[in-house]
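Inspection log for the structure reproduced underneath, given as structure tokens.
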Amino acid sequence: MTAHQATEMQLQLLESLHTQVCKTKNYSYTYGTAGFRDKAAVLDTVMFTTGIIAALRSMSHNGKAVGVMITASHNPPLDNGVKIIEPDGSMLLQSWESHATQLANIAANDTVTQLIQYINEIVATLNIDSNVTPSIVVGMDSRESSPRLMDCLLSTLSPVFMAKIVNHNMLTTPQLHFLTAYQNNHEPSSDDKTVISVSQYDSKFQTAFKDLMNLYEIKDFNDCFESLVVDCANGIGAPQFQQFVKGLPQCNSIKFVNDDYTHPDTLNNSCGADFVKTQQRLPAGVDDSLLNDNNLYCSFDGDADRIVFYYVGNKTTKFHLLDGDKIATLFAKFLKKLLIKANLTQDDIRLGIVQTAYANGSSTTYVLDTLHCPASCTKTGVKHLHHEAQTAYDIGIYFEANGHGTILFSDNFYSKVQERQTIAIKENDLSSLKASKTLLAFSKVINQTVGDAIADLLGVVATLLISKMKPSQWDNEYTDLPNLLSKVIVPDRTVFKTTDQERKLTSPPALQPKMDLLINKIEQGRAFVRASGTEDAVRVYCEGKHADDVKQLSKDIEALIMSEVN
Ligand code: G16
């Protein structure tokens with residue numbers, strides 16, 4: 001819809017919807033690390049404009065489906081947010097983030113005429129054909145505010161844009177990423193009555209996992225661990241994964257904790273991936289009856305796009321974290337071995353790891369010196385890691401230390417592995433043949449659209465079972481340097497600006513030199529400060545050789561920040 005083409009009725013409709021829906025005025029919104037995120041109470045306006053942006057984005061893709069997920073992921077229950085998904089299942093193109101921000105701020109602070117003017121500007125500048133009917137795929141997490149925000153999101157789509165809408169209601173964020181891409185790749189013919197739903201996601205990943213297990217005749221987890229205990233953060237991952245495992249006989253021994261998604265006030269409360277990673281301890285709900293040094297444990301976050309694993313040490317309840325860095329290195333070691341067995345070199349298929357500044361220093365050293373793989377570092381936010389993994393490598397393994405990540409396999413990967421498979425059949429090289437088959441089967445277990453707790457869980461479990469590796473063996477590949485991640489609440493986090501992939505502060509200008517003096521005092525010291533893009537806080541990461549030094553460094557940097565901003 002553009003002003004010159006819209007009917008008078010449509011313009012009036014938009015005006016009245018703007019008045020009805022956008023109750024939050026005089027407010028400033030920003031598209032952050034993973035979309036808009038704020039207290040749910042102020043998000044009505046943002047949802048209204050996100051509907052418009054999603055429609056325009058779909059029109060700019062000639063009507064391909066664009067996804068919109070209402071979630072605040074790891075944040076507390078009273079927050080909410082929204083993530084926009086490209087037709088191929090990846091995150092919204094970064095050049096569109098500023099349009100999304102600007103439109104939300106105009107809706108909150110200016111007149112409806114200015115809002116329409118800006119919409120027209122986007123349409124004109126990007127040469128969008130306003131006759132195209134947009135197609136939108138929507139979903140939400142289990143928060144109490146999500147249905148209300150869904151109404152705000154949908155308010156303009158049918159009446160103003162006449163959009164085609166597929167509403168998946170409650171599902172995980174990665175499921176919606178997958179289904180957005182799936183819908184665009186499976187345009188139904190007129191006589192095809194197939195309804196696109198989560199069942200397509202389930203059957204795709206169940207089949208992939210079963211095929212991989214069948215290749216190695218694996219029937220259960222017993223070679224590596226007794227039970228897998230899954231902490232679902234009391235989020236939407238609980239019902240989705242409980243339904244999913246019904247189709248997997250190998251997963252009979254899985255136990256669930258924190259699966260009460262019908263009580264949204266318990267979401268991410270003392271449980272979930274973010275709690276376990278930042279507190280470095282067991283979540284609520286893992287009580288004595290579940291503590292067993294032969295178990296493997298894992299935690300999802302609120303929308304199941306992150307996962308971290310852990311186990312408890314022998315005869316004690318010592319907690320051992322297996323975070324995103326450990327997941328990435330586990331996958332890298334496994335895939336590298338398979339490439340060698342399949343007679344494929346690093347020149348044939350370039351395997352690399354993408355991390356952020358939060359990666360433990362020991363993990364990067366292990367990647368470079370033990371695995372002999374290239375490693376890249378990007379800014380925080382999976383959109384940055386995804387891009388690097390896609391452009392720099394054929395097997396791009398990207399994980400943030402917080403457990404958010406996946407693996408991308410390039411076209412070159414598929415053609416080279418298939419070539420090797422044909423040669424292995426010809427030469428009757430059974431070992432190479434099995435390695436090629438495993439590489440192809442493993443790639444199907446992974447959700448290549450985005451980091452996905454369920455798919456990553458399948459990938460980790462399959463890797464451990466095929467490698468006959470116990471959680472402690474996985475952990476013993478390298479030892480994390482002691483580290484601490486904390487949050488400081490400041491009056492205005494936007495004054496914190498960084499450079500060098502967020503490893504150095506440029507503003508406030510006096511802070512970095514003072515921090516450097518403190519960091520240089522401790523052995524293997526490293527620390528950085530950055531403004532969060534999902535919470536109203538500044539994050540402080542510190543690591544070093546000795547835990548006591550790290551604690552002190554963290555306290556000193558927090559004190560420096562407070563003295564600088566007050
Ligand atoms: C989102 C992003 C992640 C990022 C995390 C924290 O995760 O998708 O890439 O690591 O926020 O970001 P920040 O430190 O800027 O707050 P999620 O799981 O909350 O969507």
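Letters A, B, ... mark the chains of the structure tokens in the order given; residue numbers begin at 1 per chain; ligand numbers begin at 1, in order shown.
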Next item on the list: Could you give me the residues within 10 Å of ligand 1, counting only C-alpha atoms and all ligand atoms, as a PyMOL selection string?
Entry: chain A and resi 32-35+37+71-75+81-83+91+173+273-274+300-307+356+358+379-386+399-405+450-451+487+530-540
Next item on the list: Pick out the residues sitting within 10 Å of Thr370 of chain A, and hand them over as number ranges by chain; count only C-alpha atoms, and ignore anything fewer than 3 positions along from it in its own chain.
Entry: A: 333, 363-367, 373, 477-478
Check: What's the 9 Å shell around Phe244 of chain A, counting only C-alpha atoms, without same-chain residues fewer than 4 positions away, as a PyMOL selection string?
Finding: chain A and resi 199+202-203+205-206+239-240+248+454
Notebook entry, point to check: Any idea what's packed within 8 Å of Ser507 of chain A, counting only C-alpha atoms, ignoring anything in its chain fewer than 3 positions away? Could you give it as a PyMOL selection string?
Noted result: chain A and resi 495-498+510-511
Writer output for current selection, N, CA and C atoms, as a PDB file, in the first residue's frame:
ATOM      1  N   VAL A 495      25.706   5.079  25.698  1.00  0.00           N
ATOM      2  CA  VAL A 495      27.006   5.787  25.677  1.00  0.00           C
ATOM      3  C   VAL A 495      28.170   4.792  25.559  1.00  0.00           C
ATOM      4  N   PHE A 496      27.890   3.488  25.760  1.00  0.00           N
ATOM      5  CA  PHE A 496      28.959   2.481  25.666  1.00  0.00           C
ATOM      6  C   PHE A 496      29.110   2.042  24.215  1.00  0.00           C
ATOM      7  N   LYS A 497      30.235   2.461  23.604  1.00  0.00           N
ATOM      8  CA  LYS A 497      30.455   2.137  22.191  1.00  0.00           C
ATOM      9  C   LYS A 497      31.749   1.343  22.082  1.00  0.00           C
ATOM     10  N   THR A 498      31.774   0.414  21.125  1.00  0.00           N
ATOM     11  CA  THR A 498      32.937  -0.489  21.046  1.00  0.00           C
ATOM     12  C   THR A 498      33.535  -0.532  19.643  1.00  0.00           C
ATOM     13  N   ALA A 510      37.482   7.406  28.684  1.00  0.00           N
ATOM     14  CA  ALA A 510      38.493   7.160  29.728  1.00  0.00           C
ATOM     15  C   ALA A 510      38.490   5.717  30.224  1.00  0.00           C
ATOM     16  N   LEU A 511      37.444   4.988  29.880  1.00  0.00           N
ATOM     17  CA  LEU A 511      37.258   3.674  30.526  1.00  0.00           C
ATOM     18  C   LEU A 511      38.256   2.596  30.075  1.00  0.00           C
TER      19      LEU A 511
END
Next item on the list: Pull the alpha helix (DSSP H) assignments for segment 367-426 of chain A out of DSSP run on the backbone, and list those residues as JSON, numbers by chain.
Entry: {"A": [382, 383, 384, 385, 386, 387, 388, 389, 390, 391, 392, 411, 412, 413, 414, 415, 416, 417, 418, 419, 420, 421, 422, 423, 424, 425, 426]}
Next item on the list: List the neighbours of segment 318-324 of chain A out to 10 Å using only C-alpha atoms; skip same-chain residues closer than 5 positions along the sequence, and give me the result as a VMD selection string.
Entry: chain A and resid 273 276 to 277 280 to 282 293 297 to 298 306 to 313 329 to 330 355 359 to 360 398 to 406 471 to 472 474 to 475 480
Which of segment 118-299 of chain A DSSP labels strand (DSSP E or B), written as a PDB file with N, CA and C atoms, in the first residue's frame:
ATOM      1  N   SER A 135       3.065 -12.084   2.002  1.00  0.00           N
ATOM      2  CA  SER A 135       2.758 -13.354   2.665  1.00  0.00           C
ATOM      3  C   SER A 135       3.560 -13.397   3.973  1.00  0.00           C
ATOM      4  N   ILE A 136       2.863 -13.627   5.078  1.00  0.00           N
ATOM      5  CA  ILE A 136       3.521 -13.544   6.388  1.00  0.00           C
ATOM      6  C   ILE A 136       3.243 -14.812   7.189  1.00  0.00           C
ATOM      7  N   VAL A 137       4.282 -15.324   7.833  1.00  0.00           N
ATOM      8  CA  VAL A 137       4.168 -16.512   8.668  1.00  0.00           C
ATOM      9  C   VAL A 137       4.440 -16.055  10.092  1.00  0.00           C
ATOM     10  N   VAL A 138       3.522 -16.301  11.019  1.00  0.00           N
ATOM     11  CA  VAL A 138       3.731 -15.768  12.365  1.00  0.00           C
ATOM     12  C   VAL A 138       3.697 -16.862  13.430  1.00  0.00           C
ATOM     13  N   GLY A 139       4.341 -16.573  14.556  1.00  0.00           N
ATOM     14  CA  GLY A 139       4.337 -17.496  15.686  1.00  0.00           C
ATOM     15  C   GLY A 139       4.687 -16.741  16.949  1.00  0.00           C
ATOM     16  N   MET A 140       4.523 -17.419  18.086  1.00  0.00           N
ATOM     17  CA  MET A 140       4.831 -16.725  19.354  1.00  0.00           C
ATOM     18  C   MET A 140       5.294 -17.726  20.404  1.00  0.00           C
ATOM     19  N   LYS A 164      -1.475 -12.580   2.902  1.00  0.00           N
ATOM     20  CA  LYS A 164      -1.765 -13.994   3.178  1.00  0.00           C
ATOM     21  C   LYS A 164      -1.053 -14.298   4.490  1.00  0.00           C
ATOM     22  N   ILE A 165      -1.790 -14.827   5.461  1.00  0.00           N
ATOM     23  CA  ILE A 165      -1.172 -15.053   6.775  1.00  0.00           C
ATOM     24  C   ILE A 165      -1.265 -16.529   7.161  1.00  0.00           C
ATOM     25  N   VAL A 166      -0.138 -17.096   7.592  1.00  0.00           N
ATOM     26  CA  VAL A 166      -0.178 -18.434   8.196  1.00  0.00           C
ATOM     27  C   VAL A 166       0.222 -18.239   9.651  1.00  0.00           C
ATOM     28  N   ASN A 167      -0.720 -18.560  10.547  1.00  0.00           N
ATOM     29  CA  ASN A 167      -0.448 -18.352  11.971  1.00  0.00           C
ATOM     30  C   ASN A 167      -0.163 -19.700  12.637  1.00  0.00           C
ATOM     31  N   HIS A 168       1.092 -19.904  13.051  1.00  0.00           N
ATOM     32  CA  HIS A 168       1.468 -21.170  13.699  1.00  0.00           C
ATOM     33  C   HIS A 168       1.261 -21.123  15.210  1.00  0.00           C
ATOM     34  N   ASN A 169       0.757 -20.011  15.711  1.00  0.00           N
ATOM     35  CA  ASN A 169       0.543 -19.851  17.157  1.00  0.00           C
ATOM     36  C   ASN A 169       1.809 -20.155  17.946  1.00  0.00           C
ATOM     37  N   MET A 170       1.703 -21.032  18.967  1.00  0.00           N
ATOM     38  CA  MET A 170       2.888 -21.237  19.824  1.00  0.00           C
ATOM     39  C   MET A 170       3.833 -22.286  19.247  1.00  0.00           C
ATOM     40  N   LEU A 228      19.321 -38.499  29.538  1.00  0.00           N
ATOM     41  CA  LEU A 228      19.529 -37.104  29.175  1.00  0.00           C
ATOM     42  C   LEU A 228      18.427 -36.325  29.884  1.00  0.00           C
ATOM     43  N   VAL A 229      18.812 -35.368  30.733  1.00  0.00           N
ATOM     44  CA  VAL A 229      17.826 -34.569  31.463  1.00  0.00           C
ATOM     45  C   VAL A 229      17.740 -33.208  30.777  1.00  0.00           C
ATOM     46  N   VAL A 230      16.544 -32.854  30.318  1.00  0.00           N
ATOM     47  CA  VAL A 230      16.374 -31.618  29.545  1.00  0.00           C
ATOM     48  C   VAL A 230      15.607 -30.568  30.359  1.00  0.00           C
ATOM     49  N   ASP A 231      16.270 -29.447  30.642  1.00  0.00           N
ATOM     50  CA  ASP A 231      15.632 -28.309  31.329  1.00  0.00           C
ATOM     51  C   ASP A 231      15.072 -27.390  30.242  1.00  0.00           C
ATOM     52  N   LYS A 255      14.536 -37.328  30.255  1.00  0.00           N
ATOM     53  CA  LYS A 255      13.687 -36.827  31.343  1.00  0.00           C
ATOM     54  C   LYS A 255      13.582 -35.308  31.209  1.00  0.00           C
ATOM     55  N   PHE A 256      12.409 -34.786  31.567  1.00  0.00           N
ATOM     56  CA  PHE A 256      12.195 -33.337  31.427  1.00  0.00           C
ATOM     57  C   PHE A 256      12.091 -32.665  32.791  1.00  0.00           C
ATOM     58  N   VAL A 257      12.694 -31.484  32.910  1.00  0.00           N
ATOM     59  CA  VAL A 257      12.450 -30.638  34.085  1.00  0.00           C
ATOM     60  C   VAL A 257      12.121 -29.229  33.578  1.00  0.00           C
ATOM     61  N   LEU A 296      23.694 -37.007  31.339  1.00  0.00           N
ATOM     62  CA  LEU A 296      24.042 -35.764  30.634  1.00  0.00           C
ATOM     63  C   LEU A 296      22.845 -34.830  30.819  1.00  0.00           C
ATOM     64  N   TYR A 297      23.114 -33.553  31.039  1.00  0.00           N
ATOM     65  CA  TYR A 297      22.050 -32.571  31.263  1.00  0.00           C
ATOM     66  C   TYR A 297      22.148 -31.486  30.196  1.00  0.00           C
ATOM     67  N   CYS A 298      21.019 -30.849  29.900  1.00  0.00           N
ATOM     68  CA  CYS A 298      21.086 -29.676  29.024  1.00  0.00           C
ATOM     69  C   CYS A 298      19.959 -28.712  29.355  1.00  0.00           C
ATOM     70  N   SER A 299      20.133 -27.459  28.976  1.00  0.00           N
ATOM     71  CA  SER A 299      19.117 -26.424  29.198  1.00  0.00           C
ATOM     72  C   SER A 299      18.843 -25.673  27.909  1.00  0.00           C
TER      73      SER A 299
END
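A straight line drawn from atom CA of His61 of chain A to atom CA of Leu92 of chain A is 12.3 Å long.
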Can you tell me, as an mmCIF file with N, CA, C and O atoms, in the first residue's frame, what residues are no more than 10 Å from Tyr182 of chain A when counting only C-alpha atoms, ignoring any on the same chain fewer than 6 positions away?
data_model
loop_
_atom_site.group_PDB
_atom_site.id
_atom_site.type_symbol
_atom_site.label_atom_id
_atom_site.label_comp_id
_atom_site.auth_asym_id
_atom_site.auth_seq_id
_atom_site.Cartn_x
_atom_site.Cartn_y
_atom_site.Cartn_z
ATOM 1 N N ALA A 65 7.173 -15.584 1.504
ATOM 2 C CA ALA A 65 6.784 -15.498 2.911
ATOM 3 C C ALA A 65 7.925 -14.974 3.783
ATOM 4 O O ALA A 65 9.069 -15.390 3.641
ATOM 5 N N PRO A 87 12.888 -14.732 3.935
ATOM 6 C CA PRO A 87 12.273 -15.890 3.267
ATOM 7 C C PRO A 87 13.126 -17.162 3.297
ATOM 8 O O PRO A 87 12.595 -18.257 3.260
ATOM 9 N N ASP A 88 14.461 -17.020 3.382
ATOM 10 C CA ASP A 88 15.282 -18.242 3.435
ATOM 11 C C ASP A 88 15.477 -18.744 4.864
ATOM 12 O O ASP A 88 16.235 -19.690 5.096
ATOM 13 N N GLY A 89 14.807 -18.147 5.837
ATOM 14 C CA GLY A 89 14.880 -18.615 7.226
ATOM 15 C C GLY A 89 15.949 -17.921 8.041
ATOM 16 O O GLY A 89 16.058 -18.154 9.244
ATOM 17 N N LEU A 176 9.915 -21.743 13.646
ATOM 18 C CA LEU A 176 9.332 -20.751 12.732
ATOM 19 C C LEU A 176 10.327 -20.377 11.622
ATOM 20 O O LEU A 176 9.923 -20.206 10.463
ATOM 21 N N ILE A 196 0.901 -26.561 6.002
ATOM 22 C CA ILE A 196 2.251 -26.464 6.574
ATOM 23 C C ILE A 196 2.121 -26.258 8.085
ATOM 24 O O ILE A 196 1.420 -25.357 8.541
ATOM 25 N N SER A 197 2.761 -27.148 8.836
ATOM 26 C CA SER A 197 2.678 -27.065 10.296
ATOM 27 C C SER A 197 3.971 -27.595 10.891
ATOM 28 O O SER A 197 4.853 -28.062 10.169
ATOM 29 N N GLN A 200 5.896 -30.854 9.785
ATOM 30 C CA GLN A 200 6.938 -30.941 8.742
ATOM 31 C C GLN A 200 8.327 -30.803 9.368
ATOM 32 O O GLN A 200 9.261 -31.471 8.962
ATOM 33 N N TYR A 201 8.411 -29.919 10.355
ATOM 34 C CA TYR A 201 9.689 -29.762 11.074
ATOM 35 C C TYR A 201 10.013 -31.076 11.782
ATOM 36 O O TYR A 201 11.110 -31.617 11.662
#
Residue contacts of Leu440 of chain A (9 Å, only C-alpha atoms) excluding same-chain residues fewer than 3 positions away, as a PDB file with all heavy atoms, in the first residue's frame:
ATOM      1  N   TYR A 414      28.459 -30.206  -0.356  1.00  0.00           N
ATOM      2  CA  TYR A 414      27.606 -31.307  -0.841  1.00  0.00           C
ATOM      3  C   TYR A 414      28.180 -31.924  -2.109  1.00  0.00           C
ATOM      4  O   TYR A 414      28.214 -33.150  -2.254  1.00  0.00           O
ATOM      5  CB  TYR A 414      26.155 -30.817  -1.057  1.00  0.00           C
ATOM      6  CG  TYR A 414      25.448 -30.608   0.266  1.00  0.00           C
ATOM      7  CD1 TYR A 414      25.210 -29.330   0.767  1.00  0.00           C
ATOM      8  CD2 TYR A 414      25.058 -31.692   1.047  1.00  0.00           C
ATOM      9  CE1 TYR A 414      24.586 -29.138   1.990  1.00  0.00           C
ATOM     10  CE2 TYR A 414      24.435 -31.511   2.278  1.00  0.00           C
ATOM     11  CZ  TYR A 414      24.196 -30.235   2.745  1.00  0.00           C
ATOM     12  OH  TYR A 414      23.587 -30.060   3.963  1.00  0.00           O
ATOM     13  N   VAL A 417      31.470 -33.968  -1.264  1.00  0.00           N
ATOM     14  CA  VAL A 417      31.228 -35.207  -0.499  1.00  0.00           C
ATOM     15  C   VAL A 417      30.543 -36.237  -1.395  1.00  0.00           C
ATOM     16  O   VAL A 417      30.887 -37.435  -1.366  1.00  0.00           O
ATOM     17  CB  VAL A 417      30.392 -34.927   0.784  1.00  0.00           C
ATOM     18  CG1 VAL A 417      30.076 -36.226   1.518  1.00  0.00           C
ATOM     19  CG2 VAL A 417      31.146 -33.987   1.711  1.00  0.00           C
ATOM     20  N   GLN A 418      29.618 -35.784  -2.227  1.00  0.00           N
ATOM     21  CA  GLN A 418      28.946 -36.733  -3.135  1.00  0.00           C
ATOM     22  C   GLN A 418      29.950 -37.347  -4.124  1.00  0.00           C
ATOM     23  O   GLN A 418      29.910 -38.541  -4.395  1.00  0.00           O
ATOM     24  CB  GLN A 418      27.789 -36.060  -3.864  1.00  0.00           C
ATOM     25  CG  GLN A 418      26.467 -36.357  -3.167  1.00  0.00           C
ATOM     26  CD  GLN A 418      25.482 -35.193  -3.178  1.00  0.00           C
ATOM     27  OE1 GLN A 418      25.718 -34.206  -3.873  1.00  0.00           O
ATOM     28  NE2 GLN A 418      24.413 -35.306  -2.431  1.00  0.00           N
ATOM     29  N   ALA A 435      32.193 -42.672   5.940  1.00  0.00           N
ATOM     30  CA  ALA A 435      32.464 -41.291   6.370  1.00  0.00           C
ATOM     31  C   ALA A 435      31.661 -40.299   5.518  1.00  0.00           C
ATOM     32  O   ALA A 435      31.057 -39.360   6.051  1.00  0.00           O
ATOM     33  CB  ALA A 435      33.955 -41.004   6.277  1.00  0.00           C
ATOM     34  N   SER A 436      31.637 -40.530   4.216  1.00  0.00           N
ATOM     35  CA  SER A 436      30.865 -39.615   3.339  1.00  0.00           C
ATOM     36  C   SER A 436      29.383 -39.679   3.672  1.00  0.00           C
ATOM     37  O   SER A 436      28.709 -38.645   3.750  1.00  0.00           O
ATOM     38  CB  SER A 436      31.013 -39.993   1.864  1.00  0.00           C
ATOM     39  OG  SER A 436      32.341 -40.112   1.528  1.00  0.00           O
ATOM     40  N   LYS A 437      28.903 -40.905   3.880  1.00  0.00           N
ATOM     41  CA  LYS A 437      27.469 -41.050   4.215  1.00  0.00           C
ATOM     42  C   LYS A 437      27.162 -40.346   5.530  1.00  0.00           C
ATOM     43  O   LYS A 437      26.116 -39.716   5.679  1.00  0.00           O
ATOM     44  CB  LYS A 437      27.111 -42.531   4.357  1.00  0.00           C
ATOM     45  CG  LYS A 437      26.904 -43.249   3.048  1.00  0.00           C
ATOM     46  CD  LYS A 437      26.388 -44.644   3.327  1.00  0.00           C
ATOM     47  CE  LYS A 437      26.067 -45.364   2.030  1.00  0.00           C
ATOM     48  NZ  LYS A 437      25.736 -46.760   2.238  1.00  0.00           N
ATOM     49  N   SER A 443      24.606 -33.619   8.270  1.00  0.00           N
ATOM     50  CA  SER A 443      24.220 -32.260   7.855  1.00  0.00           C
ATOM     51  C   SER A 443      22.696 -32.091   7.878  1.00  0.00           C
ATOM     52  O   SER A 443      22.187 -30.991   8.065  1.00  0.00           O
ATOM     53  CB  SER A 443      24.771 -31.933   6.464  1.00  0.00           C
ATOM     54  OG  SER A 443      24.016 -32.587   5.468  1.00  0.00           O
ATOM     55  N   LYS A 444      21.979 -33.211   7.728  1.00  0.00           N
ATOM     56  CA  LYS A 444      20.504 -33.116   7.716  1.00  0.00           C
ATOM     57  C   LYS A 444      19.919 -33.007   9.119  1.00  0.00           C
ATOM     58  O   LYS A 444      18.780 -32.600   9.294  1.00  0.00           O
ATOM     59  CB  LYS A 444      19.913 -34.343   7.017  1.00  0.00           C
ATOM     60  CG  LYS A 444      20.240 -34.389   5.549  1.00  0.00           C
ATOM     61  CD  LYS A 444      19.448 -35.465   4.854  1.00  0.00           C
ATOM     62  CE  LYS A 444      19.862 -35.524   3.396  1.00  0.00           C
ATOM     63  NZ  LYS A 444      19.862 -36.863   2.872  1.00  0.00           N
TER      64      LYS A 444
END
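Each of A:Ala357, A:Leu430, A:Leu553, A:Ile446 was compared to Asn520 of chain A using only C-alpha atoms, and A:Leu553 turns out to be the nearest.
Relative to atom CA of His546 of chain A, atom CA of Asn483 of chain A is found at 9.0 Å.
Closest approach to Ser142 of chain A among A:Lys337, A:Lys23, A:Lys504, A:His263: A:His263, based on only C-alpha atoms.
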